$ cat input.pdb   # PDB, C-alpha atoms
MODEL        1
ATOM      1  CA  MET A  98       0.000   0.000   0.000
ATOM      2  CA  HIS A  99       1.702   3.170  -1.240
ATOM      3  CA  ALA A 100       5.236   1.764  -0.847
ATOM      4  CA  PRO A 101       8.076   4.317  -0.887
ATOM      5  CA  THR A 102       9.739   4.817  -4.251
ATOM      6  CA  TYR A 103      13.299   5.630  -3.120
ATOM      7  CA  PRO A 104      15.116   2.224  -2.916
ATOM      8  CA  HIS A 105      16.926   2.827  -6.210
ATOM      9  CA  LEU A 106      18.865   5.698  -4.593
ATOM     10  CA  PHE A 107      20.997   3.446  -2.379
ATOM     11  CA  PRO A 108      23.323   0.477  -3.025
ATOM     12  CA  SER A 109      22.778  -2.801  -1.228
ATOM     13  CA  GLY A 110      24.908  -5.803  -0.416
ATOM     14  CA  CYS A 111      24.884  -8.873   1.768
ATOM     15  CA  SER A 112      27.536 -10.420   3.989
ATOM     16  CA  PRO A 113      28.733 -13.912   3.022
ATOM     17  CA  HIS A 114      28.541 -14.854   6.726
ATOM     18  CA  VAL A 115      24.722 -15.161   6.791
ATOM     19  CA  PRO A 116      24.454 -18.947   7.443
ATOM     20  CA  GLY A 117      26.928 -18.858  10.315
ATOM     21  CA  VAL A 118      25.361 -15.758  11.856
ATOM     22  CA  ASP A 119      21.882 -17.259  11.752
ATOM     23  CA  GLU A 120      23.079 -20.472  13.350
ATOM     24  CA  HIS A 121      25.009 -18.580  16.015
ATOM     25  CA  THR A 122      22.040 -16.405  16.974
ATOM     26  CA  ARG A 123      19.659 -19.375  17.149
ATOM     27  CA  THR A 124      22.110 -21.080  19.528
ATOM     28  CA  TRP A 125      22.584 -17.885  21.546
ATOM     29  CA  LEU A 126      18.817 -17.449  21.932
ATOM     30  CA  ASP A 127      18.459 -21.049  23.114
ATOM     31  CA  THR A 128      21.306 -20.579  25.575
ATOM     32  CA  THR A 129      20.068 -17.302  27.029
ATOM     33  CA  ALA A 130      16.375 -18.332  27.092
ATOM     34  CA  ILE A 131      15.261 -14.715  26.634
ATOM     35  CA  THR A 132      12.263 -15.874  24.633
ATOM     36  CA  ASP A 133      10.000 -18.893  24.844
ATOM     37  CA  ALA A 134       9.072 -21.558  22.334
ATOM     38  CA  GLY A 135       5.583 -20.078  21.833
ATOM     39  CA  ASP A 136       4.317 -17.188  19.764
ATOM     40  CA  ALA A 137       6.993 -14.737  20.958
ATOM     41  CA  GLY A 138       9.786 -17.088  19.995
ATOM     42  CA  ALA A 139       8.209 -17.875  16.641
ATOM     43  CA  ARG A 140       7.782 -14.181  15.854
ATOM     44  CA  LEU A 141      11.405 -13.476  16.729
ATOM     45  CA  LYS A 142      12.614 -16.282  14.462
ATOM     46  CA  ALA A 143      10.368 -14.988  11.669
ATOM     47  CA  THR A 144      12.170 -11.654  11.936
ATOM     48  CA  ARG A 145      15.323 -13.381  10.631
ATOM     49  CA  VAL A 146      17.652 -11.008  12.433
ATOM     50  CA  GLY A 147      20.784 -12.619  11.016
ATOM     51  CA  HIS A 148      19.704 -11.899   7.455
ATOM     52  CA  ILE A 149      18.773  -8.330   8.330
ATOM     53  CA  VAL A 150      22.103  -7.420   9.937
ATOM     54  CA  ALA A 151      23.941  -9.108   7.069
ATOM     55  CA  ARG A 152      22.353  -6.506   4.800
ATOM     56  CA  LEU A 153      22.703  -3.612   7.231
ATOM     57  CA  TYR A 154      26.437  -4.232   7.707
ATOM     58  CA  PRO A 155      27.602  -6.220   4.660
ATOM     59  CA  ALA A 156      31.320  -5.521   5.252
ATOM     60  CA  ALA A 157      31.358  -6.589   8.921
ATOM     61  CA  PRO A 158      33.576  -9.469  10.056
ATOM     62  CA  ALA A 159      31.745 -12.537  11.332
ATOM     63  CA  ASP A 160      32.249 -11.860  15.055
ATOM     64  CA  LEU A 161      30.866  -8.319  14.843
ATOM     65  CA  LEU A 162      27.984  -9.487  12.679
ATOM     66  CA  GLU A 163      27.110 -12.171  15.226
ATOM     67  CA  LEU A 164      27.228  -9.554  17.971
ATOM     68  CA  ALA A 165      24.974  -7.190  16.010
ATOM     69  CA  ALA A 166      22.458  -9.983  15.370
ATOM     70  CA  ASP A 167      22.413 -10.948  19.046
ATOM     71  CA  VAL A 168      21.936  -7.342  20.173
ATOM     72  CA  PHE A 169      18.992  -6.820  17.837
ATOM     73  CA  ALA A 170      17.500 -10.182  18.790
ATOM     74  CA  TRP A 171      17.710  -9.125  22.454
ATOM     75  CA  LEU A 172      16.105  -5.735  21.730
ATOM     76  CA  VAL A 173      13.290  -7.218  19.651
ATOM     77  CA  ALA A 174      12.614  -9.916  22.247
ATOM     78  CA  PHE A 175      12.370  -7.435  25.104
ATOM     79  CA  ASP A 176      10.314  -4.972  23.064
ATOM     80  CA  ASP A 177       7.835  -7.648  21.981
ATOM     81  CA  THR A 178       7.366  -9.294  25.363
ATOM     82  CA  HIS A 179       7.619  -6.327  27.749
ATOM     83  CA  VAL A 180       7.418  -2.898  26.093
ATOM     84  CA  GLU A 181       4.480  -3.947  23.913
ATOM     85  CA  ALA A 182       2.695  -5.875  26.690
ATOM     86  CA  THR A 183      -0.912  -4.769  27.168
ATOM     87  CA  ASP A 184      -0.492  -4.170  30.905
ATOM     88  CA  VAL A 185       2.872  -2.385  30.764
ATOM     89  CA  SER A 186       3.331   1.045  32.337
ATOM     90  CA  ALA A 187       6.236   3.375  32.932
ATOM     91  CA  GLU A 188       6.069   2.478  36.617
ATOM     92  CA  SER A 189       6.302  -1.266  35.951
ATOM     93  CA  LEU A 190       9.053  -0.968  33.331
ATOM     94  CA  ALA A 191      11.277   1.558  35.146
ATOM     95  CA  PRO A 192      12.941  -0.975  37.510
ATOM     96  CA  ARG A 193      13.835  -3.202  34.545
ATOM     97  CA  ILE A 194      15.334  -0.252  32.658
ATOM     98  CA  ALA A 195      17.344   0.726  35.738
ATOM     99  CA  SER A 196      18.713  -2.815  36.014
ATOM    100  CA  PHE A 197      19.732  -2.763  32.342
ATOM    101  CA  ILE A 198      21.561   0.554  32.676
ATOM    102  CA  GLN A 199      23.388  -0.793  35.720
ATOM    103  CA  VAL A 200      24.515  -3.815  33.704
ATOM    104  CA  LEU A 201      25.871  -1.574  30.943
ATOM    105  CA  GLU A 202      27.798   0.490  33.478
ATOM    106  CA  THR A 203      29.140  -2.298  35.708
ATOM    107  CA  GLY A 204      29.001  -5.423  33.552
ATOM    108  CA  THR A 205      27.312  -7.331  36.365
ATOM    109  CA  PRO A 206      23.547  -7.749  36.902
ATOM    110  CA  SER A 207      22.434  -7.092  40.494
ATOM    111  CA  THR A 208      19.352  -9.291  40.082
ATOM    112  CA  PRO A 209      20.247 -11.856  37.427
ATOM    113  CA  ASP A 210      17.502 -13.008  35.102
ATOM    114  CA  ALA A 211      17.534 -14.105  31.462
ATOM    115  CA  PHE A 212      17.509 -10.589  30.017
ATOM    116  CA  THR A 213      20.058  -8.982  32.358
ATOM    117  CA  THR A 214      22.417 -11.967  32.102
ATOM    118  CA  ALA A 215      22.216 -11.898  28.301
ATOM    119  CA  LEU A 216      22.748  -8.134  28.287
ATOM    120  CA  ALA A 217      25.889  -8.523  30.418
ATOM    121  CA  ASP A 218      27.206 -10.959  27.809
ATOM    122  CA  LEU A 219      26.474  -8.462  25.025
ATOM    123  CA  ALA A 220      28.096  -5.552  26.887
ATOM    124  CA  GLY A 221      31.236  -7.598  27.482
ATOM    125  CA  ARG A 222      31.488  -8.569  23.822
ATOM    126  CA  ILE A 223      30.947  -4.966  22.736
ATOM    127  CA  ARG A 224      33.915  -3.875  24.845
ATOM    128  CA  ASP A 225      36.044  -6.810  23.652
ATOM    129  CA  LEU A 226      35.400  -6.403  19.921
ATOM    130  CA  MET A 227      35.368  -2.605  19.560
ATOM    131  CA  THR A 228      37.735   0.223  20.323
ATOM    132  CA  PRO A 229      37.023   2.012  23.619
ATOM    133  CA  ALA A 230      35.501   5.018  21.822
ATOM    134  CA  GLN A 231      33.295   2.828  19.602
ATOM    135  CA  ALA A 232      32.163   0.733  22.563
ATOM    136  CA  GLU A 233      31.181   3.783  24.599
ATOM    137  CA  ARG A 234      29.115   5.155  21.704
ATOM    138  CA  VAL A 235      27.347   1.817  21.215
ATOM    139  CA  LEU A 236      26.646   1.394  24.937
ATOM    140  CA  ALA A 237      25.379   4.987  25.133
ATOM    141  CA  GLY A 238      23.123   4.154  22.185
ATOM    142  CA  LEU A 239      21.653   1.229  24.110
ATOM    143  CA  LYS A 240      20.919   3.487  27.095
ATOM    144  CA  GLU A 241      19.137   5.834  24.698
ATOM    145  CA  VAL A 242      17.030   2.932  23.432
ATOM    146  CA  PHE A 243      16.053   1.967  26.986
ATOM    147  CA  LEU A 244      14.930   5.497  27.821
ATOM    148  CA  ALA A 245      12.943   5.617  24.557
ATOM    149  CA  MET A 246      11.253   2.341  25.552
ATOM    150  CA  LEU A 247      10.266   3.952  28.839
ATOM    151  CA  TRP A 248       8.762   6.887  26.949
ATOM    152  CA  GLU A 249       6.911   4.502  24.634
ATOM    153  CA  THR A 250       5.017   2.972  27.557
ATOM    154  CA  THR A 251       3.508   6.407  28.284
ATOM    155  CA  THR A 252       1.893   6.529  24.827
ATOM    156  CA  HIS A 253      -0.314   3.454  25.178
ATOM    157  CA  ARG A 254      -3.206   5.328  26.761
ATOM    158  CA  ARG A 255      -2.896   8.829  25.329
ATOM    159  CA  PRO A 256      -2.754  10.307  21.829
ATOM    160  CA  ILE A 257       0.600  11.697  20.760
ATOM    161  CA  THR A 258       1.113  14.623  18.416
ATOM    162  CA  LEU A 259       3.058  14.498  15.169
ATOM    163  CA  THR A 260       5.711  16.744  16.748
ATOM    164  CA  GLU A 261       6.236  14.362  19.668
ATOM    165  CA  TYR A 262       6.182  11.364  17.347
ATOM    166  CA  ARG A 263       8.847  12.860  15.051
ATOM    167  CA  ALA A 264      11.124  13.534  18.013
ATOM    168  CA  MET A 265      10.900  10.067  19.541
ATOM    169  CA  ARG A 266      10.044   7.488  16.879
ATOM    170  CA  PRO A 267      13.582   7.236  15.384
ATOM    171  CA  HIS A 268      14.766   6.108  18.817
ATOM    172  CA  THR A 269      12.013   3.593  19.623
ATOM    173  CA  VAL A 270      12.498   1.690  16.379
ATOM    174  CA  PHE A 271      16.252   1.281  17.128
ATOM    175  CA  GLY A 272      17.142   3.551  14.196
ATOM    176  CA  HIS A 273      19.646   5.746  15.997
ATOM    177  CA  PHE A 274      21.165   2.733  17.713
ATOM    178  CA  ALA A 275      21.568   0.891  14.396
ATOM    179  CA  THR A 276      23.683   3.753  13.067
ATOM    180  CA  THR A 277      26.144   3.447  15.985
ATOM    181  CA  LEU A 278      27.072  -0.025  14.731
ATOM    182  CA  VAL A 279      27.849   1.170  11.194
ATOM    183  CA  GLU A 280      31.263   2.575  12.115
ATOM    184  CA  PRO A 281      32.743  -0.495  13.882
ATOM    185  CA  CYS A 282      31.082  -2.923  11.470
ATOM    186  CA  ALA A 283      32.653  -1.091   8.530
ATOM    187  CA  GLY A 284      36.088  -1.168  10.199
ATOM    188  CA  LEU A 285      36.233   2.611  10.520
ATOM    189  CA  GLU A 286      37.368   5.011  13.240
ATOM    190  CA  LEU A 287      35.972   8.500  12.754
ATOM    191  CA  THR A 288      37.634  11.545  14.246
ATOM    192  CA  ALA A 289      35.936  13.672  16.894
ATOM    193  CA  ALA A 290      35.531  16.392  14.282
ATOM    194  CA  ALA A 291      33.694  13.987  11.975
ATOM    195  CA  HIS A 292      31.302  12.894  14.732
ATOM    196  CA  THR A 293      30.397  16.512  15.521
ATOM    197  CA  ASP A 294      30.120  17.598  11.878
ATOM    198  CA  PRO A 295      26.560  19.011  11.481
ATOM    199  CA  ARG A 296      26.190  17.167   8.178
ATOM    200  CA  VAL A 297      27.016  13.847   9.827
ATOM    201  CA  ARG A 298      24.570  14.539  12.643
ATOM    202  CA  ARG A 299      21.825  15.424  10.137
ATOM    203  CA  LEU A 300      22.597  12.324   8.087
ATOM    204  CA  VAL A 301      22.486   9.980  11.084
ATOM    205  CA  HIS A 302      19.204  11.441  12.304
ATOM    206  CA  GLY A 303      17.801  11.474   8.776
ATOM    207  CA  LEU A 304      18.672   7.804   8.309
ATOM    208  CA  ALA A 305      17.083   6.849  11.643
ATOM    209  CA  THR A 306      13.978   8.823  10.723
ATOM    210  CA  LEU A 307      13.757   7.166   7.315
ATOM    211  CA  TRP A 308      13.974   3.713   8.901
ATOM    212  CA  ALA A 309      11.280   4.637  11.416
ATOM    213  CA  TRP A 310       8.822   5.955   8.848
ATOM    214  CA  THR A 311       9.359   3.033   6.470
ATOM    215  CA  ASN A 312       8.879   0.623   9.358
ATOM    216  CA  ASP A 313       5.568   2.312  10.144
ATOM    217  CA  LEU A 314       4.331   1.759   6.595
ATOM    218  CA  ASP A 315       5.396  -1.902   6.696
ATOM    219  CA  SER A 316       3.984  -2.674  10.131
ATOM    220  CA  TYR A 317       0.753  -0.644  10.031
ATOM    221  CA  ARG A 318      -1.678  -3.428   9.115
ATOM    222  CA  THR A 319      -0.098  -5.954  11.490
ATOM    223  CA  GLU A 320      -0.180  -3.490  14.387
ATOM    224  CA  ARG A 321      -3.748  -2.419  13.683
ATOM    225  CA  GLN A 322      -4.829  -6.057  13.543
ATOM    226  CA  ALA A 323      -3.053  -6.807  16.838
ATOM    227  CA  LEU A 324      -4.331  -3.682  18.616
ATOM    228  CA  GLY A 325      -7.836  -3.622  17.211
ATOM    229  CA  SER A 326      -7.400   0.141  16.876
ATOM    230  CA  GLU A 327      -5.380   2.770  15.035
ATOM    231  CA  PRO A 328      -1.615   2.441  15.746
ATOM    232  CA  GLN A 329       0.125   5.564  16.966
ATOM    233  CA  THR A 330       2.519   5.503  14.046
ATOM    234  CA  LEU A 331       2.982   7.772  11.047
ATOM    235  CA  PRO A 332      -0.097   6.898   8.920
ATOM    236  CA  GLY A 333      -2.480   6.929  11.876
ATOM    237  CA  ILE A 334      -1.159  10.173  13.350
ATOM    238  CA  LEU A 335      -1.226  11.908   9.954
ATOM    239  CA  GLY A 336      -4.801  10.752   9.443
ATOM    240  CA  ARG A 337      -5.897  12.008  12.853
ATOM    241  CA  GLU A 338      -4.142  15.377  12.730
ATOM    242  CA  HIS A 339      -5.008  16.212   9.123
ATOM    243  CA  GLY A 340      -8.389  14.519   8.797
ATOM    244  CA  LEU A 341      -7.196  12.130   6.079
ATOM    245  CA  THR A 342      -8.569   8.809   4.922
ATOM    246  CA  GLU A 343      -6.323   5.774   5.301
ATOM    247  CA  ASN A 344      -5.278   5.912   1.645
ATOM    248  CA  GLU A 345      -4.605   9.642   1.857
ATOM    249  CA  ALA A 346      -2.564   9.194   5.034
ATOM    250  CA  PHE A 347      -0.474   6.444   3.425
ATOM    251  CA  ALA A 348       0.091   8.567   0.329
ATOM    252  CA  LYS A 349       1.276  11.473   2.467
ATOM    253  CA  ALA A 350       3.532   9.182   4.523
ATOM    254  CA  ARG A 351       5.025   7.752   1.336
ATOM    255  CA  LEU A 352       5.818  11.258   0.062
ATOM    256  CA  MET A 353       7.430  12.118   3.399
ATOM    257  CA  CYS A 354       9.607   8.996   3.100
ATOM    258  CA  ASP A 355      10.628   9.910  -0.434
ATOM    259  CA  ALA A 356      11.523  13.484   0.562
ATOM    260  CA  GLN A 357      13.507  12.221   3.563
ATOM    261  CA  ALA A 358      15.354   9.736   1.350
ATOM    262  CA  ALA A 359      16.250  12.489  -1.119
ATOM    263  CA  GLU A 360      17.764  14.587   1.684
ATOM    264  CA  VAL A 361      19.698  11.607   3.057
ATOM    265  CA  HIS A 362      20.992  10.843  -0.435
ATOM    266  CA  ARG A 363      22.085  14.470  -0.873
ATOM    267  CA  LEU A 364      24.045  14.384   2.401
ATOM    268  CA  ILE A 365      25.674  11.063   1.520
ATOM    269  CA  THR A 366      26.775  12.456  -1.846
ATOM    270  CA  GLU A 367      28.206  15.555  -0.168
ATOM    271  CA  LEU A 368      30.061  13.618   2.530
ATOM    272  CA  ALA A 369      31.395  11.094   0.013
ATOM    273  CA  ALA A 370      33.468  13.944  -1.459
ATOM    274  CA  SER A 371      34.796  15.110   1.927
ATOM    275  CA  PRO A 372      38.583  15.268   2.543
ATOM    276  CA  GLU A 373      37.989  14.291   6.208
ATOM    277  CA  PRO A 374      39.654  10.889   6.882
ATOM    278  CA  ALA A 375      37.223   7.939   6.822
ATOM    279  CA  LEU A 376      34.200  10.168   6.185
ATOM    280  CA  PRO A 377      33.646   9.131   2.531
ATOM    281  CA  ASP A 378      33.812   5.446   3.525
ATOM    282  CA  TYR A 379      31.439   6.105   6.428
ATOM    283  CA  ALA A 380      28.946   7.817   4.112
ATOM    284  CA  LEU A 381      29.104   4.819   1.748
ATOM    285  CA  ALA A 382      28.597   2.405   4.668
ATOM    286  CA  LEU A 383      25.493   4.366   5.712
ATOM    287  CA  ALA A 384      24.232   4.228   2.130
ATOM    288  CA  HIS A 385      24.611   0.432   2.124
ATOM    289  CA  ALA A 386      22.796   0.233   5.452
ATOM    290  CA  ILE A 387      19.832   2.075   3.950
ATOM    291  CA  GLY A 388      19.904  -0.006   0.781
ATOM    292  CA  GLY A 389      20.041  -3.202   2.800
ATOM    293  CA  THR A 390      16.885  -2.362   4.718
ATOM    294  CA  GLN A 391      14.918  -2.258   1.485
ATOM    295  CA  GLU A 392      15.222  -6.042   1.412
ATOM    296  CA  LEU A 393      13.662  -6.366   4.867
ATOM    297  CA  ARG A 394      10.118  -6.792   3.578
ATOM    298  CA  ARG A 395      11.188  -9.695   1.377
ATOM    299  CA  ILE A 396      13.417 -11.560   3.823
ATOM    300  CA  SER A 397      11.356 -11.167   7.006
ATOM    301  CA  ASP A 398       7.932 -12.603   7.813
ATOM    302  CA  ARG A 399       7.534 -10.258  10.783
ATOM    303  CA  TRP A 400       4.950  -7.924   9.239
ATOM    304  CA  ARG A 401       2.949 -10.337   7.145
ATOM    305  CA  THR A 402      -0.721 -10.759   7.965
ATOM    306  CA  ALA A 403      -3.114 -13.502   6.999
TER     307      ALA A 403
ENDMDL
END
$ encode --input "input.pdb" --output "structure tokens"
Amino acid sequence: MHAPTYPHLFPSGCSPHVPGVDEHTRTWLDTTAITDAGDAGARLKATRVGHIVARLYPAAPADLLELAADVFAWLVAFDDTHVEATDVSAESLAPRIASFIQVLETGTPSTPDAFTTALADLAGRIRDLMTPAQAERVLAGLKEVFLAMLWETTTHRRPITLTEYRAMRPHTVFGHFATTLVEPCAGLELTAAAHTDPRVRRLVHGLATLWAWTNDLDSYRTERQALGSEPQTLPGILGREHGLTENEAFAKARLMCDAQAAEVHRLITELAASPEPALPDYALALAHAIGGTQELRRISDRWRTA
């Protein structure tokens, strides 16, 4: 329904390590027991996280790709079973978020359970496989995701505005966090000047926003079917705020995606010509990450409905 028309703007590739990554993550999930063998486990397996990260980070070595797949599997599992739970509230989730942040800071869970123990494993591997600066950025990105999850629980019983949605959605869909893995997975080490370059900051946020909006178009029907009501994602919020029909809201959302993609493409082209060390390669790695996500609909059964 009104799919975005921008995929041709970005290159795509796929890591040759896909079979090994998939097998590793299946074993890791069984070992950690963060999800059950019921519907939640089946939905996580249908997401095919290994295939997705292989397209997000096609140049990553096998150990970093396995780590990325495990991190996203952990995030999706916790989001599905706890953040999206019908009875969740900020009050009930806050202690869990606090325990996760403690694990990231100390490496040791104070009250071990499946999720905190698995997170400690992930944090240790992040520090082992990345440079200190890369690891700190990735761990800070995880803390940002946890705080965004806490915010998300406050939206279940109140309408949110388009302004609030645009500020927070790129964080709740793991978009900003996914960009923190691009640098280590591409074997790059950006300078401090590159990280604070306004164009880089706009590109990273633009990419996260593009992922979030595209995800909303893909997941709309599944979420509406599960909720029995209008999801508080881009099409639904546009329809409510502008008085649009469903088709009109999807058409407007598609145009917003296309405009966002054009701006991201412009920034990538500009940064690809930069004399700053590693910045052209970083821009190309971001372009491949965007291009890889265009395959998500085909390779994942997560958003298919009967």
$ residues_around --input "input.pdb" --residues "stretch 219-228 of chain A" --least-positions-apart "6" --cutoff "8 Å" --atoms "all atoms listed in the file" --output "PDB file with C-alpha atoms, in the frame of the given file"
ATOM      1  CA  ASP A 160      32.249 -11.860  15.055  1.00  0.00           C
ATOM      2  CA  LEU A 161      30.866  -8.319  14.843  1.00  0.00           C
ATOM      3  CA  LEU A 164      27.228  -9.554  17.971  1.00  0.00           C
ATOM      4  CA  ASP A 167      22.413 -10.948  19.046  1.00  0.00           C
ATOM      5  CA  VAL A 168      21.936  -7.342  20.173  1.00  0.00           C
ATOM      6  CA  VAL A 200      24.515  -3.815  33.704  1.00  0.00           C
ATOM      7  CA  LEU A 201      25.871  -1.574  30.943  1.00  0.00           C
ATOM      8  CA  GLY A 204      29.001  -5.423  33.552  1.00  0.00           C
ATOM      9  CA  VAL A 235      27.347   1.817  21.215  1.00  0.00           C
ATOM     10  CA  LEU A 236      26.646   1.394  24.937  1.00  0.00           C
ATOM     11  CA  PRO A 281      32.743  -0.495  13.882  1.00  0.00           C
TER      12      PRO A 281
END
$ resolve_selection --input "input.pdb" --expression "the PyMOL selection byres ((chain A and resi 129) around 10)" --output "ChimeraX atom specification"
/A:124-128,130-132,171,210-216,218
$ residues_around --input "input.pdb" --residues "stretch 294-299 of chain A" --least-positions-apart "3" --cutoff "8 Å" --atoms "all atoms listed in the file" --output "JSON, numbers by chain"
{"A": [290, 291, 302, 303, 364, 368]}
$ atom_distance --input "input.pdb" --atom1 "atom CA of A:Tyr262" --atom2 "atom CA of A:Thr311"
14.1 Å
$ closest_residue --input "input.pdb" --among "A:Val279, A:Ala230, A:Leu244, A:Ala384" --to "A:Pro192" --atoms "all atoms listed in the file"
A:Leu244
$ closest_residue --input "input.pdb" --among "A:Ser196, A:Thr306, A:Ser326, A:Thr250" --to "A:Met353" --atoms "only C-alpha atoms"
A:Thr306
$ resolve_selection --input "input.pdb" --expression "the PyMOL selection byres ((chain A and resi 114) around 12)" --output "list in words"
Cys111, Ser112, Pro113, Val115, Pro116, Gly117, Val118, Asp119, Glu120, His121, Gly147, His148, Ile149, Val150, Ala151, Arg152, Tyr154, Pro155, Ala156, Ala157, Pro158, Ala159, Asp160, Leu161, Leu162, Glu163 and Ala166 of chain A
$ residues_around --input "input.pdb" --residues "A:Ala309" --least-positions-apart "3" --cutoff "8 Å" --atoms "only C-alpha atoms" --output "list in words"
Arg266, Pro267, Val270, Gly272, Ala305, Thr306, Asn312 and Asp313 of chain A
$ resolve_selection --input "input.pdb" --expression "the PyMOL selection byres ((chain A and resi 268) around 12)" --output "NGL selection string"
:A and (238-249 or 261-267 or 269-276 or 301-310)
$ write_last_selection --input "input.pdb" --atoms "C-alpha atoms" --output "PDB file, in the frame of the given file"
ATOM      1  CA  GLY A 238      23.123   4.154  22.185  1.00  0.00           C
ATOM      2  CA  LEU A 239      21.653   1.229  24.110  1.00  0.00           C
ATOM      3  CA  LYS A 240      20.919   3.487  27.095  1.00  0.00           C
ATOM      4  CA  GLU A 241      19.137   5.834  24.698  1.00  0.00           C
ATOM      5  CA  VAL A 242      17.030   2.932  23.432  1.00  0.00           C
ATOM      6  CA  PHE A 243      16.053   1.967  26.986  1.00  0.00           C
ATOM      7  CA  LEU A 244      14.930   5.497  27.821  1.00  0.00           C
ATOM      8  CA  ALA A 245      12.943   5.617  24.557  1.00  0.00           C
ATOM      9  CA  MET A 246      11.253   2.341  25.552  1.00  0.00           C
ATOM     10  CA  LEU A 247      10.266   3.952  28.839  1.00  0.00           C
ATOM     11  CA  TRP A 248       8.762   6.887  26.949  1.00  0.00           C
ATOM     12  CA  GLU A 249       6.911   4.502  24.634  1.00  0.00           C
ATOM     13  CA  GLU A 261       6.236  14.362  19.668  1.00  0.00           C
ATOM     14  CA  TYR A 262       6.182  11.364  17.347  1.00  0.00           C
ATOM     15  CA  ARG A 263       8.847  12.860  15.051  1.00  0.00           C
ATOM     16  CA  ALA A 264      11.124  13.534  18.013  1.00  0.00           C
ATOM     17  CA  MET A 265      10.900  10.067  19.541  1.00  0.00           C
ATOM     18  CA  ARG A 266      10.044   7.488  16.879  1.00  0.00           C
ATOM     19  CA  PRO A 267      13.582   7.236  15.384  1.00  0.00           C
ATOM     20  CA  THR A 269      12.013   3.593  19.623  1.00  0.00           C
ATOM     21  CA  VAL A 270      12.498   1.690  16.379  1.00  0.00           C
ATOM     22  CA  PHE A 271      16.252   1.281  17.128  1.00  0.00           C
ATOM     23  CA  GLY A 272      17.142   3.551  14.196  1.00  0.00           C
ATOM     24  CA  HIS A 273      19.646   5.746  15.997  1.00  0.00           C
ATOM     25  CA  PHE A 274      21.165   2.733  17.713  1.00  0.00           C
ATOM     26  CA  ALA A 275      21.568   0.891  14.396  1.00  0.00           C
ATOM     27  CA  THR A 276      23.683   3.753  13.067  1.00  0.00           C
ATOM     28  CA  VAL A 301      22.486   9.980  11.084  1.00  0.00           C
ATOM     29  CA  HIS A 302      19.204  11.441  12.304  1.00  0.00           C
ATOM     30  CA  GLY A 303      17.801  11.474   8.776  1.00  0.00           C
ATOM     31  CA  LEU A 304      18.672   7.804   8.309  1.00  0.00           C
ATOM     32  CA  ALA A 305      17.083   6.849  11.643  1.00  0.00           C
ATOM     33  CA  THR A 306      13.978   8.823  10.723  1.00  0.00           C
ATOM     34  CA  LEU A 307      13.757   7.166   7.315  1.00  0.00           C
ATOM     35  CA  TRP A 308      13.974   3.713   8.901  1.00  0.00           C
ATOM     36  CA  ALA A 309      11.280   4.637  11.416  1.00  0.00           C
ATOM     37  CA  TRP A 310       8.822   5.955   8.848  1.00  0.00           C
TER      38      TRP A 310
END
$ residues_near_point --input "input.pdb" --point "(24.0, 3.0, 5.1)" --cutoff "9 Å" --atoms "all atoms listed in the file" --output "compact mmCIF listing (two decimals) with C-alpha atoms, in the frame of the given file"
# COMPACT_ATOMS: atom_id res chain seq x y z
CA PHE A 107 21.00 3.45 -2.38
CA PRO A 108 23.32 0.48 -3.02
CA SER A 109 22.78 -2.80 -1.23
CA LEU A 153 22.70 -3.61 7.23
CA TYR A 154 26.44 -4.23 7.71
CA THR A 276 23.68 3.75 13.07
CA VAL A 279 27.85 1.17 11.19
CA LEU A 304 18.67 7.80 8.31
CA ILE A 365 25.67 11.06 1.52
CA TYR A 379 31.44 6.10 6.43
CA ALA A 380 28.95 7.82 4.11
CA LEU A 381 29.10 4.82 1.75
CA ALA A 382 28.60 2.40 4.67
CA LEU A 383 25.49 4.37 5.71
CA ALA A 384 24.23 4.23 2.13
CA HIS A 385 24.61 0.43 2.12
CA ALA A 386 22.80 0.23 5.45
CA ILE A 387 19.83 2.08 3.95
CA GLY A 388 19.90 -0.01 0.78
CA GLY A 389 20.04 -3.20 2.80
CA THR A 390 16.89 -2.36 4.72
$ axis_aligned_box --input "input.pdb" --around "stretch 114-132 of chain A" --padding-each-side "5 Å" --output "JSON"
{"center_x": 20.4, "center_y": -17.9, "center_z": 16.9, "size_x": 26.3, "size_y": 16.4, "size_z": 30.4}
$ atom_distance --input "input.pdb" --atom1 "atom CA of A:Ala232" --atom2 "atom CA of A:Leu278"
9.4 Å
$ residues_around --input "input.pdb" --residues "A:Glu286" --least-positions-apart "4" --cutoff "8 Å" --atoms "only C-alpha atoms" --output "list in words"
Gln231, Glu280, Pro281 and Ala375 of chain A
$ residues_near_point --input "input.pdb" --point "(7.4, 0.5, 31.7)" --cutoff "12 Å" --atoms "all atoms listed in the file" --output "PyMOL selection string"
chain A and resi 175-176+178-195+243-253
$ atom_distance --input "input.pdb" --atom1 "atom CA of A:Leu300" --atom2 "atom CA of A:Glu373"
15.6 Å
